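This report concerns only the one structure given below.
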Amino acid sequence: MTSDVLPAALAEIRDEFLELDEPERLQLLLEFSRELPDMPAEYADHPERTERVAECQSPVFIVVEVADDDAVTMHATAPAEAPTTRGFASILTQGITGLSAAEVLAIPADYPQSLGLTRAVSPLRIAGMTGMLMRAKRQVQARLDAR
């Protein structure tokens, strides 16, 4: 992964994980799962406005907004009983929100693998986070194309 295209917020999260031993990384992931912001009512009350992330075993839904100034906001929902998946959703939501559309589109596809969790969680879980990232990037591009 090339760090020069990785936005500071995501680089900071990655570095936070890599500074820890594997068992502590799982604890940090659990902490992130508790920090997933609630889905705004405009989406929570209208789930048809969100996109299901089929790569996730748990029901995960995301939606990305791109403001007129190209600032991106990501929202996600994941069940509390799926803390790993919820943690990944929280990492992306916190790391992507506030970035420009161009910054989001430049996030390397292998970002989920860079967190040092590939031996601690199943490949399916990592694939789920990759799916979330790819869908977020696709939604950003779609919003830009719709202008």
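Letters A, B, ... go to the chains of the structure tokens in the order shown; residues in each chain start at 1; ligands are counted from 1 in the same order.
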Q. Which neighbours of Arg138 of chain A fall inside 9 Å, counting only C-alpha atoms, when residues of the same chain fewer than 5 positions from it are skipped, and could you give them as an MDAnalysis selection string?
A. chainID A and resid 105 133 143
Expected file: the selected residues, all heavy atoms, as an mmCIF file, in the first residue's frame:
```
data_model
loop_
_atom_site.group_PDB
_atom_site.id
_atom_site.type_symbol
_atom_site.label_atom_id
_atom_site.label_comp_id
_atom_site.auth_asym_id
_atom_site.auth_seq_id
_atom_site.Cartn_x
_atom_site.Cartn_y
_atom_site.Cartn_z
ATOM 1 N N LEU A 105 -11.834 8.267 -3.364
ATOM 2 C CA LEU A 105 -11.595 7.459 -4.561
ATOM 3 C C LEU A 105 -10.159 6.956 -4.641
ATOM 4 O O LEU A 105 -9.887 5.932 -5.271
ATOM 5 C CB LEU A 105 -11.967 8.248 -5.813
ATOM 6 C CG LEU A 105 -13.452 8.582 -5.941
ATOM 7 C CD1 LEU A 105 -13.695 9.500 -7.133
ATOM 8 C CD2 LEU A 105 -14.295 7.316 -6.042
ATOM 9 N N LEU A 133 -15.690 -0.845 1.581
ATOM 10 C CA LEU A 133 -14.857 0.202 0.987
ATOM 11 C C LEU A 133 -15.160 0.355 -0.499
ATOM 12 O O LEU A 133 -15.327 1.476 -0.985
ATOM 13 C CB LEU A 133 -13.371 -0.113 1.210
ATOM 14 C CG LEU A 133 -12.373 0.841 0.552
ATOM 15 C CD1 LEU A 133 -12.561 2.273 1.035
ATOM 16 C CD2 LEU A 133 -10.941 0.357 0.806
ATOM 17 N N ARG A 143 -22.262 9.536 -7.214
ATOM 18 C CA ARG A 143 -22.755 10.872 -6.840
ATOM 19 C C ARG A 143 -22.090 11.944 -7.705
ATOM 20 O O ARG A 143 -22.722 12.893 -8.131
ATOM 21 C CB ARG A 143 -22.501 11.180 -5.365
ATOM 22 C CG ARG A 143 -23.048 10.207 -4.344
ATOM 23 C CD ARG A 143 -24.567 10.204 -4.231
ATOM 24 N NE ARG A 143 -25.043 9.346 -3.166
ATOM 25 C CZ ARG A 143 -25.235 8.030 -3.265
ATOM 26 N NH1 ARG A 143 -24.927 7.397 -4.356
ATOM 27 N NH2 ARG A 143 -25.746 7.344 -2.265
#
```
Non-local contacts of Pro108 of chain A (12 Å; only C-alpha atoms; under 3 positions in same chain excluded) as number ranges by chain = A: 1-7, 10-11, 103-105, 111-114, 130, 133-134, 137
Restricted to N, CA and C atoms, what would the selected residues look like written as a tab-separated table (two decimals), in the first residue's frame?
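File written: part_2.tsv
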```tsv
chain	number	residue	atom	x	y	z
A	1	MET	N	0.86	-1.18	0.00
A	1	MET	CA	0.00	0.00	0.00
A	1	MET	C	0.89	1.23	0.00
A	2	THR	N	0.50	2.21	-0.78
A	2	THR	CA	1.26	3.45	-0.81
A	2	THR	C	0.67	4.43	0.17
A	3	SER	N	1.46	4.77	1.17
A	3	SER	CA	0.98	5.65	2.23
A	3	SER	C	0.73	7.07	1.76
A	4	ASP	N	1.37	7.48	0.66
A	4	ASP	CA	1.22	8.86	0.23
A	4	ASP	C	-0.19	9.17	-0.28
A	5	VAL	N	-0.98	8.15	-0.67
A	5	VAL	CA	-2.35	8.41	-1.08
A	5	VAL	C	-3.35	8.10	0.02
A	6	LEU	N	-2.88	7.55	1.12
A	6	LEU	CA	-3.76	7.22	2.22
A	6	LEU	C	-4.06	8.47	3.04
A	7	PRO	N	-5.34	8.84	3.13
A	7	PRO	CA	-5.69	10.03	3.91
A	7	PRO	C	-5.24	9.89	5.37
A	10	LEU	N	-7.29	7.74	7.96
A	10	LEU	CA	-7.17	6.30	7.78
A	10	LEU	C	-5.76	5.81	8.12
A	11	ALA	N	-4.75	6.61	7.80
A	11	ALA	CA	-3.37	6.25	8.16
A	11	ALA	C	-3.22	6.20	9.68
A	103	GLU	N	-10.16	12.12	-2.42
A	103	GLU	CA	-9.41	11.35	-1.41
A	103	GLU	C	-10.03	9.97	-1.20
A	104	VAL	N	-11.36	9.92	-1.16
A	104	VAL	CA	-12.03	8.63	-0.99
A	104	VAL	C	-11.73	7.72	-2.17
A	105	LEU	N	-11.83	8.27	-3.36
A	105	LEU	CA	-11.59	7.46	-4.56
A	105	LEU	C	-10.16	6.96	-4.64
A	111	TYR	N	-6.58	-1.43	1.72
A	111	TYR	CA	-6.56	-0.82	3.05
A	111	TYR	C	-6.98	-1.80	4.15
A	112	PRO	N	-8.07	-2.56	3.99
A	112	PRO	CA	-8.47	-3.48	5.07
A	112	PRO	C	-7.37	-4.47	5.45
A	113	GLN	N	-6.58	-4.91	4.50
A	113	GLN	CA	-5.51	-5.85	4.78
A	113	GLN	C	-4.34	-5.19	5.52
A	114	SER	N	-4.26	-3.87	5.47
A	114	SER	CA	-3.13	-3.15	6.07
A	114	SER	C	-3.28	-2.97	7.59
A	130	THR	N	-13.56	-4.99	2.80
A	130	THR	CA	-13.18	-4.60	1.44
A	130	THR	C	-14.43	-4.27	0.62
A	133	LEU	N	-15.69	-0.84	1.58
A	133	LEU	CA	-14.86	0.20	0.99
A	133	LEU	C	-15.16	0.35	-0.50
A	134	MET	N	-15.25	-0.75	-1.21
A	134	MET	CA	-15.51	-0.68	-2.66
A	134	MET	C	-16.88	-0.07	-2.95
A	137	LYS	N	-16.71	3.70	-2.32
A	137	LYS	CA	-16.03	4.38	-3.43
A	137	LYS	C	-16.94	4.44	-4.66
```
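Every protein or nucleic acid residue with an atom no more than 10 Å from Glu65 of chain A, counting only C-alpha atoms and leaving out same-chain residues fewer than 6 positions away, appears here: Ala71, Val72, Thr73, Met74, His75, Thr97, Ala101, Ala136, Gln139, Val140 and Arg143 of chain A.
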- request: Write out as a ChimeraX atom specification all residues of chain A that backbone DSSP assigns to alpha helix (DSSP H).
  value: /A:8-18,22-34,41-44,83-96,101-105,123-145
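Residue nearest Ala78 of chain A within the list A:Ile62, A:Ala8, A:Ile126, A:Leu144: A:Ile62 [criterion: smallest interatomic distance, only C-alpha atoms].
Closest approach to Thr85 of chain A from the set A:Gln27, A:Gln141, A:Ser100, A:Gln57 is made by A:Gln57, with distances taken over only C-alpha atoms.
Distances from A:Leu30, A:Val64, A:Ala142, A:Leu115 to Thr84 of chain A were compared using only C-alpha atoms, and the smallest one belongs to A:Leu30.
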Next on the checklist: as number ranges by chain, please: every residue in chain A that a backbone DSSP assignment puts in strand (DSSP E).
Outcome noted: A: 51-52, 61-66, 72-77
